[in-house]
Structure formats: structure tokens, C-alpha cells
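Containing mmCIF, N, CA and C atoms: final22.cif.
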data_query
loop_
_atom_site.label_atom_id
_atom_site.label_comp_id
_atom_site.auth_asym_id
_atom_site.auth_seq_id
_atom_site.Cartn_x
_atom_site.Cartn_y
_atom_site.Cartn_z
N MET C 133 30.76 4.12 -32.00
CA MET C 133 30.38 3.39 -30.80
C MET C 133 29.79 2.05 -31.24
N ASP C 134 30.35 0.96 -30.74
CA ASP C 134 29.84 -0.35 -31.15
C ASP C 134 28.64 -0.75 -30.29
N SER C 135 28.00 -1.82 -30.66
CA SER C 135 26.74 -2.22 -30.01
C SER C 135 26.95 -2.67 -28.57
N ASP C 136 28.11 -3.26 -28.26
CA ASP C 136 28.37 -3.68 -26.88
C ASP C 136 28.45 -2.48 -25.95
N THR C 137 29.10 -1.43 -26.38
CA THR C 137 29.23 -0.22 -25.55
C THR C 137 27.86 0.42 -25.35
N LEU C 138 27.07 0.48 -26.41
CA LEU C 138 25.74 1.05 -26.31
C LEU C 138 24.87 0.24 -25.36
N ALA C 139 24.98 -1.08 -25.43
CA ALA C 139 24.20 -1.94 -24.53
C ALA C 139 24.61 -1.70 -23.08
N LEU C 140 25.90 -1.58 -22.83
CA LEU C 140 26.36 -1.35 -21.46
C LEU C 140 25.95 0.02 -20.93
N LEU C 141 25.85 1.00 -21.80
CA LEU C 141 25.45 2.34 -21.37
C LEU C 141 23.94 2.44 -21.11
N THR C 142 23.15 1.65 -21.80
CA THR C 142 21.70 1.74 -21.63
C THR C 142 21.17 0.93 -20.45
N ILE C 143 21.96 -0.02 -19.94
CA ILE C 143 21.50 -0.84 -18.80
C ILE C 143 21.17 0.03 -17.60
N PRO C 144 22.03 0.96 -17.15
CA PRO C 144 21.66 1.79 -16.00
C PRO C 144 20.45 2.69 -16.27
N LEU C 145 20.29 3.15 -17.49
CA LEU C 145 19.16 4.01 -17.82
C LEU C 145 17.83 3.25 -17.68
N PHE C 146 17.77 2.07 -18.28
CA PHE C 146 16.54 1.28 -18.21
C PHE C 146 16.30 0.75 -16.80
N SER C 147 17.35 0.34 -16.10
CA SER C 147 17.20 -0.13 -14.72
C SER C 147 16.68 0.99 -13.83
N GLY C 148 17.20 2.19 -14.01
CA GLY C 148 16.74 3.33 -13.23
C GLY C 148 15.29 3.67 -13.51
N ALA C 149 14.89 3.63 -14.79
CA ALA C 149 13.50 3.93 -15.14
C ALA C 149 12.54 2.89 -14.56
N ILE C 150 12.92 1.62 -14.64
CA ILE C 150 12.07 0.56 -14.09
C ILE C 150 11.98 0.68 -12.58
N GLY C 151 13.09 0.95 -11.91
CA GLY C 151 13.09 1.13 -10.47
C GLY C 151 12.23 2.30 -10.04
N TYR C 152 12.32 3.40 -10.76
CA TYR C 152 11.51 4.58 -10.45
C TYR C 152 10.02 4.28 -10.59
N LEU C 153 9.65 3.61 -11.67
CA LEU C 153 8.23 3.30 -11.90
C LEU C 153 7.68 2.33 -10.85
N THR C 154 8.45 1.32 -10.47
CA THR C 154 7.95 0.38 -9.46
C THR C 154 7.85 1.05 -8.09
N ASN C 155 8.80 1.89 -7.75
CA ASN C 155 8.70 2.60 -6.46
C ASN C 155 7.52 3.56 -6.46
N TRP C 156 7.32 4.28 -7.54
CA TRP C 156 6.21 5.23 -7.62
C TRP C 156 4.87 4.51 -7.53
N SER C 157 4.75 3.37 -8.21
CA SER C 157 3.47 2.63 -8.15
C SER C 157 3.25 2.06 -6.75
N GLY C 158 4.32 1.67 -6.05
CA GLY C 158 4.17 1.20 -4.68
C GLY C 158 3.67 2.28 -3.75
N VAL C 159 4.22 3.48 -3.87
CA VAL C 159 3.77 4.61 -3.05
C VAL C 159 2.33 4.96 -3.40
N TRP C 160 2.01 4.93 -4.66
CA TRP C 160 0.63 5.23 -5.10
C TRP C 160 -0.36 4.23 -4.50
N MET C 161 0.02 2.94 -4.46
CA MET C 161 -0.86 1.92 -3.92
C MET C 161 -1.01 2.04 -2.41
N LEU C 162 -0.06 2.66 -1.73
CA LEU C 162 -0.18 2.86 -0.29
C LEU C 162 -1.32 3.82 0.05
N PHE C 163 -1.48 4.86 -0.76
CA PHE C 163 -2.38 5.95 -0.39
C PHE C 163 -3.66 6.05 -1.21
N TYR C 164 -3.72 5.52 -2.42
CA TYR C 164 -4.87 5.72 -3.30
C TYR C 164 -5.41 4.40 -3.79
N PRO C 165 -6.69 4.27 -4.04
CA PRO C 165 -7.76 5.22 -3.79
C PRO C 165 -8.14 5.25 -2.31
N VAL C 166 -8.68 6.37 -1.89
CA VAL C 166 -9.08 6.52 -0.50
C VAL C 166 -10.32 5.69 -0.21
N GLN C 167 -11.27 5.69 -1.11
CA GLN C 167 -12.47 4.85 -0.98
C GLN C 167 -12.28 3.58 -1.78
N PHE C 168 -12.95 2.52 -1.38
CA PHE C 168 -12.86 1.23 -2.08
C PHE C 168 -13.30 1.39 -3.52
N ALA C 169 -12.51 0.88 -4.44
CA ALA C 169 -12.85 0.90 -5.87
C ALA C 169 -12.86 -0.55 -6.37
N GLY C 170 -13.99 -0.99 -6.80
CA GLY C 170 -14.09 -2.37 -7.27
C GLY C 170 -15.53 -2.73 -7.54
N VAL C 171 -15.79 -4.02 -7.53
CA VAL C 171 -17.14 -4.52 -7.79
C VAL C 171 -17.59 -5.38 -6.62
N ARG C 172 -18.88 -5.37 -6.37
CA ARG C 172 -19.47 -6.23 -5.34
C ARG C 172 -19.75 -7.59 -5.96
N VAL C 173 -19.44 -8.63 -5.22
CA VAL C 173 -19.66 -10.00 -5.69
C VAL C 173 -20.72 -10.64 -4.82
N ALA C 174 -21.78 -11.11 -5.44
CA ALA C 174 -22.89 -11.72 -4.70
C ALA C 174 -22.40 -12.95 -3.95
N GLY C 175 -22.71 -13.01 -2.65
CA GLY C 175 -22.35 -14.16 -1.84
C GLY C 175 -20.97 -14.12 -1.22
N LEU C 176 -20.14 -13.16 -1.60
CA LEU C 176 -18.78 -13.11 -1.07
C LEU C 176 -18.77 -12.71 0.40
N ARG C 177 -19.69 -11.85 0.79
CA ARG C 177 -19.73 -11.41 2.19
C ARG C 177 -19.98 -12.60 3.13
N SER C 178 -20.90 -13.48 2.77
CA SER C 178 -21.18 -14.63 3.63
C SER C 178 -20.05 -15.67 3.56
N LEU C 179 -19.35 -15.76 2.46
CA LEU C 179 -18.25 -16.69 2.29
C LEU C 179 -16.95 -16.18 2.92
N ALA C 180 -16.83 -14.87 3.09
CA ALA C 180 -15.57 -14.26 3.53
C ALA C 180 -15.12 -14.75 4.90
N GLY C 181 -16.06 -15.07 5.77
CA GLY C 181 -15.69 -15.56 7.10
C GLY C 181 -15.00 -16.92 7.07
N LEU C 182 -15.19 -17.67 6.01
CA LEU C 182 -14.59 -18.99 5.88
C LEU C 182 -13.23 -18.95 5.19
N LEU C 183 -12.91 -17.83 4.58
CA LEU C 183 -11.65 -17.71 3.86
C LEU C 183 -10.47 -17.57 4.83
N PRO C 184 -9.25 -17.89 4.38
CA PRO C 184 -8.08 -17.71 5.25
C PRO C 184 -7.91 -16.24 5.66
N ARG C 185 -7.28 -16.03 6.80
CA ARG C 185 -7.11 -14.68 7.36
C ARG C 185 -6.41 -13.74 6.39
N ARG C 186 -5.41 -14.24 5.68
CA ARG C 186 -4.69 -13.40 4.71
C ARG C 186 -5.61 -12.87 3.63
N ILE C 187 -6.55 -13.68 3.20
CA ILE C 187 -7.51 -13.24 2.17
C ILE C 187 -8.50 -12.26 2.78
N GLN C 188 -8.90 -12.49 4.02
CA GLN C 188 -9.84 -11.59 4.68
C GLN C 188 -9.27 -10.19 4.86
N GLN C 189 -7.94 -10.06 4.94
CA GLN C 189 -7.31 -8.76 5.16
C GLN C 189 -7.25 -7.91 3.89
N ILE C 190 -7.54 -8.48 2.75
CA ILE C 190 -7.55 -7.70 1.50
C ILE C 190 -8.70 -6.71 1.58
N PRO C 191 -8.44 -5.42 1.34
CA PRO C 191 -9.51 -4.42 1.47
C PRO C 191 -10.72 -4.77 0.61
N GLY C 192 -11.90 -4.76 1.23
CA GLY C 192 -13.15 -4.98 0.52
C GLY C 192 -13.70 -6.39 0.59
N VAL C 193 -12.86 -7.37 0.89
CA VAL C 193 -13.33 -8.77 0.87
C VAL C 193 -14.38 -9.00 1.94
N MET C 194 -14.17 -8.50 3.14
CA MET C 194 -15.12 -8.72 4.22
C MET C 194 -16.45 -8.00 3.98
N GLN C 195 -16.46 -7.00 3.11
CA GLN C 195 -17.71 -6.30 2.76
C GLN C 195 -18.33 -6.87 1.49
N GLY C 196 -17.73 -7.91 0.92
CA GLY C 196 -18.30 -8.55 -0.25
C GLY C 196 -17.87 -7.96 -1.57
N GLY C 197 -16.68 -7.37 -1.63
CA GLY C 197 -16.22 -6.77 -2.87
C GLY C 197 -14.86 -7.24 -3.29
N LEU C 198 -14.61 -7.16 -4.59
CA LEU C 198 -13.29 -7.43 -5.16
C LEU C 198 -12.82 -6.13 -5.80
N GLY C 199 -11.69 -5.66 -5.37
CA GLY C 199 -11.16 -4.41 -5.90
C GLY C 199 -9.96 -3.99 -5.09
N TRP C 200 -9.77 -2.70 -4.93
CA TRP C 200 -8.60 -2.19 -4.23
C TRP C 200 -8.94 -0.91 -3.48
N GLN C 201 -8.28 -0.75 -2.35
CA GLN C 201 -8.28 0.49 -1.59
C GLN C 201 -6.87 0.65 -1.07
N GLY C 202 -6.41 1.88 -0.98
CA GLY C 202 -5.07 2.12 -0.48
C GLY C 202 -4.84 1.46 0.86
N ILE C 203 -3.61 1.00 1.10
CA ILE C 203 -3.30 0.29 2.33
C ILE C 203 -3.56 1.16 3.56
N LEU C 204 -3.08 2.40 3.55
CA LEU C 204 -3.29 3.27 4.71
C LEU C 204 -4.75 3.67 4.89
N PRO C 205 -5.48 4.06 3.86
CA PRO C 205 -6.90 4.37 4.08
C PRO C 205 -7.71 3.17 4.56
N SER C 206 -7.37 1.97 4.10
CA SER C 206 -8.14 0.80 4.53
C SER C 206 -7.85 0.43 5.98
N ARG C 207 -6.72 0.84 6.49
CA ARG C 207 -6.35 0.53 7.87
C ARG C 207 -6.13 1.81 8.68
N ALA C 208 -6.91 2.81 8.40
CA ALA C 208 -6.74 4.13 9.03
C ALA C 208 -6.88 4.06 10.55
N ALA C 209 -7.82 3.31 11.05
CA ALA C 209 -8.03 3.23 12.50
C ALA C 209 -6.82 2.60 13.19
N LYS C 210 -6.31 1.53 12.62
CA LYS C 210 -5.16 0.85 13.21
C LYS C 210 -3.92 1.74 13.15
N VAL C 211 -3.66 2.34 12.00
CA VAL C 211 -2.50 3.22 11.84
C VAL C 211 -2.61 4.41 12.78
N GLY C 212 -3.81 4.98 12.91
CA GLY C 212 -4.01 6.12 13.80
C GLY C 212 -3.79 5.76 15.26
N SER C 213 -4.29 4.60 15.68
CA SER C 213 -4.10 4.22 17.09
C SER C 213 -2.64 3.95 17.40
N ILE C 214 -1.90 3.36 16.46
CA ILE C 214 -0.47 3.14 16.66
C ILE C 214 0.26 4.47 16.76
N ALA C 215 -0.09 5.42 15.90
CA ALA C 215 0.57 6.73 15.93
C ALA C 215 0.29 7.46 17.24
N VAL C 216 -0.95 7.39 17.73
CA VAL C 216 -1.30 8.04 18.99
C VAL C 216 -0.55 7.38 20.15
N ASP C 217 -0.52 6.06 20.17
CA ASP C 217 0.17 5.35 21.25
C ASP C 217 1.66 5.70 21.29
N LYS C 218 2.29 5.74 20.12
CA LYS C 218 3.71 6.08 20.07
C LYS C 218 3.95 7.54 20.46
N GLY C 219 3.06 8.43 20.04
CA GLY C 219 3.19 9.84 20.40
C GLY C 219 3.03 10.08 21.89
N ILE C 220 2.06 9.43 22.50
CA ILE C 220 1.85 9.57 23.94
C ILE C 220 3.02 8.96 24.71
N ALA C 221 3.55 7.84 24.22
CA ALA C 221 4.67 7.20 24.89
C ALA C 221 5.90 8.12 24.91
N LYS C 222 6.06 8.95 23.89
CA LYS C 222 7.20 9.87 23.86
C LYS C 222 7.01 11.05 24.82
N LEU C 223 5.75 11.36 25.15
CA LEU C 223 5.48 12.46 26.08
C LEU C 223 5.79 12.07 27.51
N GLY C 224 5.53 10.84 27.87
CA GLY C 224 5.78 10.40 29.23
C GLY C 224 5.16 9.05 29.49
N SER C 225 5.43 8.51 30.66
CA SER C 225 4.89 7.21 31.04
C SER C 225 3.51 7.42 31.68
N PRO C 226 2.75 6.34 31.85
CA PRO C 226 1.44 6.49 32.52
C PRO C 226 1.56 7.08 33.94
N ALA C 227 2.65 6.80 34.63
CA ALA C 227 2.84 7.34 35.97
C ALA C 227 3.01 8.87 35.94
N ASP C 228 3.57 9.39 34.86
CA ASP C 228 3.75 10.83 34.73
C ASP C 228 2.42 11.56 34.58
N PHE C 229 1.46 10.88 33.99
CA PHE C 229 0.16 11.51 33.78
C PHE C 229 -0.69 11.39 35.02
#

Same coordinates, now as C-alpha cells:
Amino acid sequence: MDSDTLALLTIPLFSGAIGYLTNWSGVWMLFYPVQFAGVRVAGLRSLAGLLPRRIQQIPGVMQGGLGWQGILPSRAAKVGSIAVDKGIAKLGSPADF
């Protein structure tokens, strides 16, 4: 087997492994950690109101921290209210109730 054939055979293997790892890390970042993990930065809480909205939406910034929290745990109230609204809408209209 020459080197060109070996190179062509290994491309799908490495592409598949990289794709699997990036998808797995994306799913992991959606759900974990449940609690904020990071460090508190002095003065960030008072400065956070002046930052752009996109920066304010990063979990922990409005509480004065730099770190990470899973996307779903950080927005649990919003996700829950959307799920309840969609579930109730499937049961019937407001007139039905």
C-alpha cells in the first residue's frame, strides 16, 4: 500500500473522530456545569450594565464573574416557560379553557 492510498483511507477516520469530539463537546457545554464555575472579578458587576447586550448574556457576567455555566441551566427559567407555553398550546386554545 503506497502513501497516497494510506492518506486517502485515513481522511475519513480523522474527520469522523474530529466531528465526534466537537459534537460531544457542544452537547457537554449545553448542559454542564449546572452551577456557575469561574472566578469573581472585582468591579465587573457594576461595569456589566454598561457592556453590550451580547456580553451581558454570557452566564455569570451580570453577577460579576468570568467563567462558564451550561447554556440550559443558565437559562432554565426561559427554557421552562417556553416549554410550558408550547405544551399548553398543544392542549387547547385559551377559549377551550

| said: Could you check which residues have any atom within 7 Å of (-10.7, -1.1, -6.7), counting all atoms listed in the file with coordinates taken straight from the file, and then list them as a PyMOL selection string? | reply: chain C and resi 167-171+198-201

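Between atom CA of C:Gly175 and atom CA of C:Val211 the interatomic distance comes to 29.7 Å.
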
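Interatomic distance, atom N of C:Leu179 against atom CA of C:Gly196: 7.8 Å.
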
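Candidate residues C:Val193, C:Asp228, C:Pro165, C:Leu183 were compared for distance to C:Pro205, and the nearest is C:Pro165, using only C-alpha atoms.
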
Box along x, y and z, 3 Å on every side, all listed atoms of stretch 161-168 of chain C inside: centre and edge lengths in Å to one decimal, as lines of an AutoDock Vina configuration file.
center_x = -6.6
center_y = 3.9
center_z = -2.2
size_x = 19.3
size_y = 11.3
size_z = 10.5

| task | Extract the full set of alpha helix (DSSP H) residues from stretch 136-229 of chain C according to DSSP on the backbone, and format it as a PyMOL selection string. | result | chain C and resi 136-163+176-180+185-188+203-206+208-223

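A straight line drawn from atom N of C:Pro226 to atom N of C:Arg207 is 27.6 Å long.
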